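Q: Sharing entry-v4.cif here; it has mmCIF, C-alpha atoms.
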data_start
#
loop_
_atom_site.label_atom_id
_atom_site.label_comp_id
_atom_site.auth_asym_id
_atom_site.auth_seq_id
_atom_site.Cartn_x
_atom_site.Cartn_y
_atom_site.Cartn_z
CA MET A 1 127.11 265.34 49.85
CA PRO A 2 124.14 263.06 49.14
CA VAL A 3 121.93 262.45 52.18
CA GLU A 4 118.72 260.43 52.56
CA VAL A 5 116.03 262.74 53.95
CA THR A 6 112.67 261.64 55.31
CA THR A 7 109.88 264.21 55.02
CA TRP A 8 106.70 263.85 57.06
CA TYR A 9 103.48 265.63 56.06
CA LEU A 10 101.10 266.42 58.91
CA GLU A 11 97.66 267.99 59.01
CA MET A 12 94.91 269.19 61.29
CA LEU A 13 91.36 268.98 59.89
CA ALA A 14 89.37 270.71 62.64
CA PRO A 15 90.06 273.39 65.25
CA ALA A 16 89.07 270.93 68.00
CA GLN A 17 92.13 268.81 67.14
CA LEU A 18 94.45 271.53 68.48
CA ARG A 19 95.95 270.63 71.83
CA PRO A 20 97.14 274.03 73.02
CA LYS A 21 100.28 274.57 75.02
CA LEU A 22 100.51 278.12 76.24
CA SER A 23 103.30 279.55 78.33
CA ASP A 24 102.73 281.82 81.30
CA ARG A 25 106.06 283.60 80.78
CA PRO A 26 105.41 287.31 81.23
CA ASP A 27 108.34 288.16 78.92
CA LEU A 28 106.91 286.15 75.96
CA GLU A 29 104.97 288.05 73.31
CA ILE A 30 103.73 286.90 69.89
CA ARG A 31 103.31 289.70 67.37
CA HIS A 32 102.12 289.83 63.79
CA ALA A 33 104.81 291.30 61.51
CA LYS A 34 102.35 293.25 59.37
CA VAL A 35 104.83 295.20 57.24
CA PRO A 36 106.55 293.02 54.61
CA CYS A 37 110.26 293.35 55.38
CA PRO A 38 112.63 291.13 53.38
CA GLU A 39 115.60 291.88 55.64
CA PHE A 40 113.74 290.82 58.78
CA SER A 41 112.22 287.73 57.17
CA ARG A 42 115.61 286.66 55.82
CA PHE A 43 117.11 287.20 59.28
CA LEU A 44 114.44 284.93 60.80
CA TYR A 45 114.85 282.31 58.08
CA THR A 46 118.63 282.08 58.40
CA SER A 47 118.74 282.43 62.20
CA VAL A 48 116.13 279.74 62.77
CA GLY A 49 116.96 277.41 59.88
CA GLY A 50 120.68 277.92 59.42
CA GLN A 51 121.63 274.94 61.55
CA TRP A 52 118.96 272.69 59.97
CA TYR A 53 119.95 273.02 56.28
CA TRP A 54 117.23 275.52 55.40
CA CYS A 55 118.69 276.49 52.03
CA ASP A 56 115.74 276.92 49.66
CA ARG A 57 115.41 280.67 50.12
CA LEU A 58 119.08 281.60 50.56
CA ALA A 59 119.49 282.57 46.91
CA TRP A 60 116.36 284.73 46.86
CA SER A 61 116.92 288.35 45.93
CA ARG A 62 115.45 291.15 48.02
CA ASP A 63 112.81 291.64 45.29
CA ARG A 64 111.81 287.98 45.41
CA TRP A 65 111.48 288.13 49.20
CA LEU A 66 109.34 291.27 48.92
CA THR A 67 107.12 289.75 46.21
CA TYR A 68 106.61 286.63 48.35
CA LEU A 69 105.87 288.54 51.56
CA ASN A 70 103.76 291.29 50.02
CA ARG A 71 100.76 289.02 49.45
CA PRO A 72 97.66 288.76 51.64
CA GLN A 73 98.09 284.98 51.69
CA VAL A 74 101.28 285.20 53.78
CA GLU A 75 101.43 286.09 57.47
CA THR A 76 104.48 286.12 59.72
CA TRP A 77 104.07 285.86 63.48
CA VAL A 78 107.14 286.46 65.65
CA ALA A 79 107.83 285.32 69.21
CA TYR A 80 109.74 287.82 71.34
CA ILE A 81 111.38 287.24 74.71
CA SER A 82 111.92 290.53 76.51
CA GLY A 83 111.84 292.32 73.15
CA THR A 84 114.32 289.98 71.42
CA PRO A 85 113.13 287.86 68.46
CA ALA A 86 113.07 284.23 69.62
CA GLY A 87 111.35 282.48 66.70
CA TYR A 88 108.61 282.70 64.13
CA ILE A 89 105.81 280.97 62.31
CA GLU A 90 104.92 281.78 58.72
CA LEU A 91 101.46 280.91 57.39
CA GLU A 92 100.47 280.76 53.73
CA ALA A 93 96.87 280.41 52.54
CA HIS A 94 96.53 278.31 49.39
CA PRO A 95 93.88 278.69 46.65
CA GLN A 96 92.13 275.44 47.62
CA GLY A 97 91.39 276.96 51.04
CA ASP A 98 93.94 275.30 53.29
CA ILE A 99 96.73 277.01 55.21
CA GLU A 100 100.30 275.76 55.25
CA ILE A 101 102.82 276.44 57.96
CA THR A 102 105.67 277.26 55.59
CA CYS A 103 108.28 278.10 58.23
CA PHE A 104 108.35 277.51 61.95
CA GLY A 105 111.11 277.43 64.53
CA LEU A 106 113.16 279.09 67.21
CA LEU A 107 116.56 280.73 67.30
CA PRO A 108 119.03 278.29 68.88
CA GLN A 109 119.33 280.00 72.27
CA PHE A 110 115.55 279.76 72.84
CA ILE A 111 115.08 276.04 72.10
CA GLY A 112 113.93 273.89 75.02
CA GLN A 113 112.18 276.66 76.99
CA GLY A 114 108.55 275.87 76.11
CA ILE A 115 108.35 278.73 73.61
CA GLY A 116 107.84 276.47 70.56
CA GLY A 117 104.62 274.91 71.85
CA HIS A 118 103.22 278.35 72.63
CA LEU A 119 104.21 279.82 69.26
CA LEU A 120 102.81 276.84 67.36
CA THR A 121 99.55 277.05 69.32
CA VAL A 122 99.13 280.75 68.53
CA GLY A 123 100.00 280.20 64.86
CA VAL A 124 97.53 277.34 64.48
CA GLN A 125 94.81 279.36 66.25
CA ARG A 126 95.46 282.19 63.80
CA ALA A 127 95.23 279.78 60.85
CA TRP A 128 91.87 278.47 62.05
CA GLY A 129 90.75 282.06 62.66
CA ARG A 130 91.24 282.78 58.98
CA GLY A 131 88.45 280.34 58.12
CA THR A 132 90.39 277.41 56.74
CA SER A 133 89.28 273.78 56.57
CA ARG A 134 92.79 272.36 56.95
CA VAL A 135 96.14 273.38 58.46
CA TRP A 136 99.16 271.44 57.28
CA VAL A 137 102.91 271.37 57.59
CA HIS A 138 105.85 269.27 56.55
CA THR A 139 108.98 268.61 58.56
CA CYS A 140 111.93 266.40 57.82
CA SER A 141 114.77 264.42 59.33
CA LEU A 142 117.04 267.48 58.93
CA ASP A 143 114.86 269.70 61.16
CA GLY A 144 115.31 270.20 64.88
CA PRO A 145 114.96 267.13 67.09
CA PHE A 146 111.78 268.48 68.76
CA ALA A 147 109.95 269.63 65.60
CA TYR A 148 107.96 266.49 64.79
CA LYS A 149 107.07 265.85 68.43
CA ASN A 150 105.81 269.43 68.85
CA TYR A 151 103.53 269.11 65.81
CA GLU A 152 102.20 265.78 67.00
CA SER A 153 101.73 267.05 70.56
CA ARG A 154 99.67 269.99 69.28
CA GLY A 155 97.29 267.61 67.47
CA PHE A 156 98.70 267.25 63.96
CA THR A 157 98.46 263.79 62.40
CA ARG A 158 100.71 262.39 59.71
CA TYR A 159 99.12 261.77 56.33
CA ASP A 160 102.19 261.07 54.18
CA THR A 161 105.89 260.23 54.35
CA LYS A 162 108.43 260.57 51.57
CA VAL A 163 112.08 259.59 51.43
CA ALA A 164 114.43 261.22 48.93
CA CYS A 165 118.11 261.71 48.44
CA LYS A 166 119.17 265.35 48.66
CA ASP A 167 122.51 266.83 47.78
CA LEU A 168 123.52 268.99 50.76
CA PRO A 169 126.56 271.04 51.68
CA ASP A 170 129.01 269.32 54.02
CA LYS A 171 127.65 271.38 56.93
CA PRO A 172 124.53 273.50 57.49
CA PRO A 173 124.79 277.07 56.18
CA GLY A 174 124.49 278.73 59.59
CA PRO A 175 122.93 282.13 60.17
CA TRP A 176 125.17 283.98 57.70
CA PRO A 177 127.52 283.14 54.83
CA ASN A 178 130.91 281.66 55.73
CA SER A 179 130.00 281.47 59.38
CA ASN A 180 131.49 278.87 61.67
CA PHE A 181 128.56 279.40 64.02
CA HIS A 182 126.55 276.18 64.14
CA PRO A 183 125.12 275.86 67.65
CA GLN A 184 123.37 272.71 68.68
CA PRO A 185 120.68 272.90 71.36
#
Please rewrite the model in this file as structure tokens.
A:
Amino acid sequence: MPVEVTTWYLEMLAPAQLRPKLSDRPDLEIRHAKVPCPEFSRFLYTSVGGQWYWCDRLAWSRDRWLTYLNRPQVETWVAYISGTPAGYIELEAHPQGDIEITCFGLLPQFIGQGIGGHLLTVGVQRAWGRGTSRVWVHTCSLDGPFAYKNYESRGFTRYDTKVACKDLPDKPPGPWPNSNFHPQP
């Protein structure tokens, strides 16, 4: 089905722009997934993005996932609540020296608990720690209802907006093929 999608491009040009939001939850831990693991990354991608029409990587083979992940430019940071994956942020360094947040979000059952602000803060701090001059991200009208506000609240500013018609399935793909599981927060 054709759908009009608005995409917002946001950036941060200096570390001082970051407005941190850190949680004091003792059960929250952010860990760097240092070993490229296509199965785990695909799990995160589909579990976080399945209800928001994240479809771009669904057709990727295991080899394509491994090739993508097995580069020094890509880092995956995972939020855990009491040992359970709750969300992730994926950073990719580009040749011109900036770092893009390529994926960011929470599994449905962890939305609305203050974890997203913490995870985004840690991810942006890590991006600045890599010596970049710019951190950027894009989000769209299909993403979670809190995504844009979280980016803006952390200090990102919009530098571009694009509207395009996308052909989408009748419903989001969910966390696995042929699933009827489409939770809404």
Q: Of the candidates A:Ala16, A:Asn70, A:Ile111, A:Ala59, which shows the shortest atom-to-atom distance to A:Thr46, using only C-alpha atoms?
A: A:Ala59
Q: Name the residues captured by the PyMOL selection byres ((chain A and resi 27-42) around 6) when it is applied to the shown file; answer as number ranges by chain.
A: A: 25-26, 43-45, 65-66, 69-70, 76-82
Q: Record the distance separating atom CA of A:Ser141 and atom CA of A:Gly97, expressed in Å with one decimal.
A: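 Separating atom CA of A:Ser141 from atom CA of A:Gly97 is a distance of 27.8 Å.
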Q: What's around A:Trp54 at 10 Å? Count all atoms listed in the file, leave out sequence neighbours fewer than 6 positions away in its own chain, and write the answer as a list in words.
A: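 With the cut-off at 10 Å, the set is Tyr45, Thr46, Ser47, Val48, Cys103, Leu142, Asp143, Pro172, Pro173, Gly174 and Pro175 of chain A.
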Q: If the PyMOL selection byres ((chain A and resi 4) around 8) were run on this exact file, what residues would it hold? Put them as a PyMOL selection string.
A: chain A and resi 2-3+5-6+163-166
Q: Show me, as a PyMOL selection string, the residues that have an atom within 7 Å of stretch 7-15 of chain A when counting all atoms listed in the file, minus same-chain residues fewer than 3 positions from it.
A: chain A and resi 18+128+133-141+155-163
Q: Tell me which residues the PyMOL selection byres ((chain A and resi 144) around 12) grabs here, as a PDB file with C-alpha atoms, in the frame of the given file.
A:
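What follows is the written file out_37.pdb:
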ATOM      1  CA  VAL A  48     116.130 279.740  62.770  1.00  0.00           C
ATOM      2  CA  GLY A  49     116.960 277.410  59.880  1.00  0.00           C
ATOM      3  CA  GLY A  50     120.680 277.920  59.420  1.00  0.00           C
ATOM      4  CA  GLN A  51     121.630 274.940  61.550  1.00  0.00           C
ATOM      5  CA  TRP A  52     118.960 272.690  59.970  1.00  0.00           C
ATOM      6  CA  TYR A  53     119.950 273.020  56.280  1.00  0.00           C
ATOM      7  CA  TRP A  54     117.230 275.520  55.400  1.00  0.00           C
ATOM      8  CA  PHE A 104     108.350 277.510  61.950  1.00  0.00           C
ATOM      9  CA  GLY A 105     111.110 277.430  64.530  1.00  0.00           C
ATOM     10  CA  LEU A 106     113.160 279.090  67.210  1.00  0.00           C
ATOM     11  CA  LEU A 107     116.560 280.730  67.300  1.00  0.00           C
ATOM     12  CA  PRO A 108     119.030 278.290  68.880  1.00  0.00           C
ATOM     13  CA  ILE A 111     115.080 276.040  72.100  1.00  0.00           C
ATOM     14  CA  GLY A 112     113.930 273.890  75.020  1.00  0.00           C
ATOM     15  CA  GLY A 116     107.840 276.470  70.560  1.00  0.00           C
ATOM     16  CA  THR A 139     108.980 268.610  58.560  1.00  0.00           C
ATOM     17  CA  CYS A 140     111.930 266.400  57.820  1.00  0.00           C
ATOM     18  CA  SER A 141     114.770 264.420  59.330  1.00  0.00           C
ATOM     19  CA  LEU A 142     117.040 267.480  58.930  1.00  0.00           C
ATOM     20  CA  ASP A 143     114.860 269.700  61.160  1.00  0.00           C
ATOM     21  CA  PRO A 145     114.960 267.130  67.090  1.00  0.00           C
ATOM     22  CA  PHE A 146     111.780 268.480  68.760  1.00  0.00           C
ATOM     23  CA  ALA A 147     109.950 269.630  65.600  1.00  0.00           C
ATOM     24  CA  TYR A 148     107.960 266.490  64.790  1.00  0.00           C
ATOM     25  CA  LYS A 149     107.070 265.850  68.430  1.00  0.00           C
ATOM     26  CA  ASN A 150     105.810 269.430  68.850  1.00  0.00           C
ATOM     27  CA  TYR A 151     103.530 269.110  65.810  1.00  0.00           C
ATOM     28  CA  PRO A 183     125.120 275.860  67.650  1.00  0.00           C
ATOM     29  CA  GLN A 184     123.370 272.710  68.680  1.00  0.00           C
ATOM     30  CA  PRO A 185     120.680 272.900  71.360  1.00  0.00           C
TER      31      PRO A 185
END
Q: Can you tell me how far atom CA of A:Leu91 sits from atom CA of A:Tyr68, in Å to one decimal?
A: 11.9 Å
Q: Using all atoms listed in the file for the distances, tell me which of A:Arg71, A:Arg130, A:Arg57, A:Lys21 is nearest to A:Gly114.
A: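 Looking only at the distances to A:Gly114, the closest residue turns out to be A:Lys21.
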Q: Find, counting all atoms listed in the file, the residue in A:Thr132, A:Val74, A:Gln125, A:His118 that gets nearest to A:Gln96.
A: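 Of the candidates, the smallest distance to A:Gln96 is held by A:Thr132.
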Q: One decimal, Å: what's the distance from atom CA of A:Arg62 over to atom CA of A:Glu100, could you say?
A: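 We find that atom CA of A:Arg62 and atom CA of A:Glu100 lie 22.8 Å from each other.
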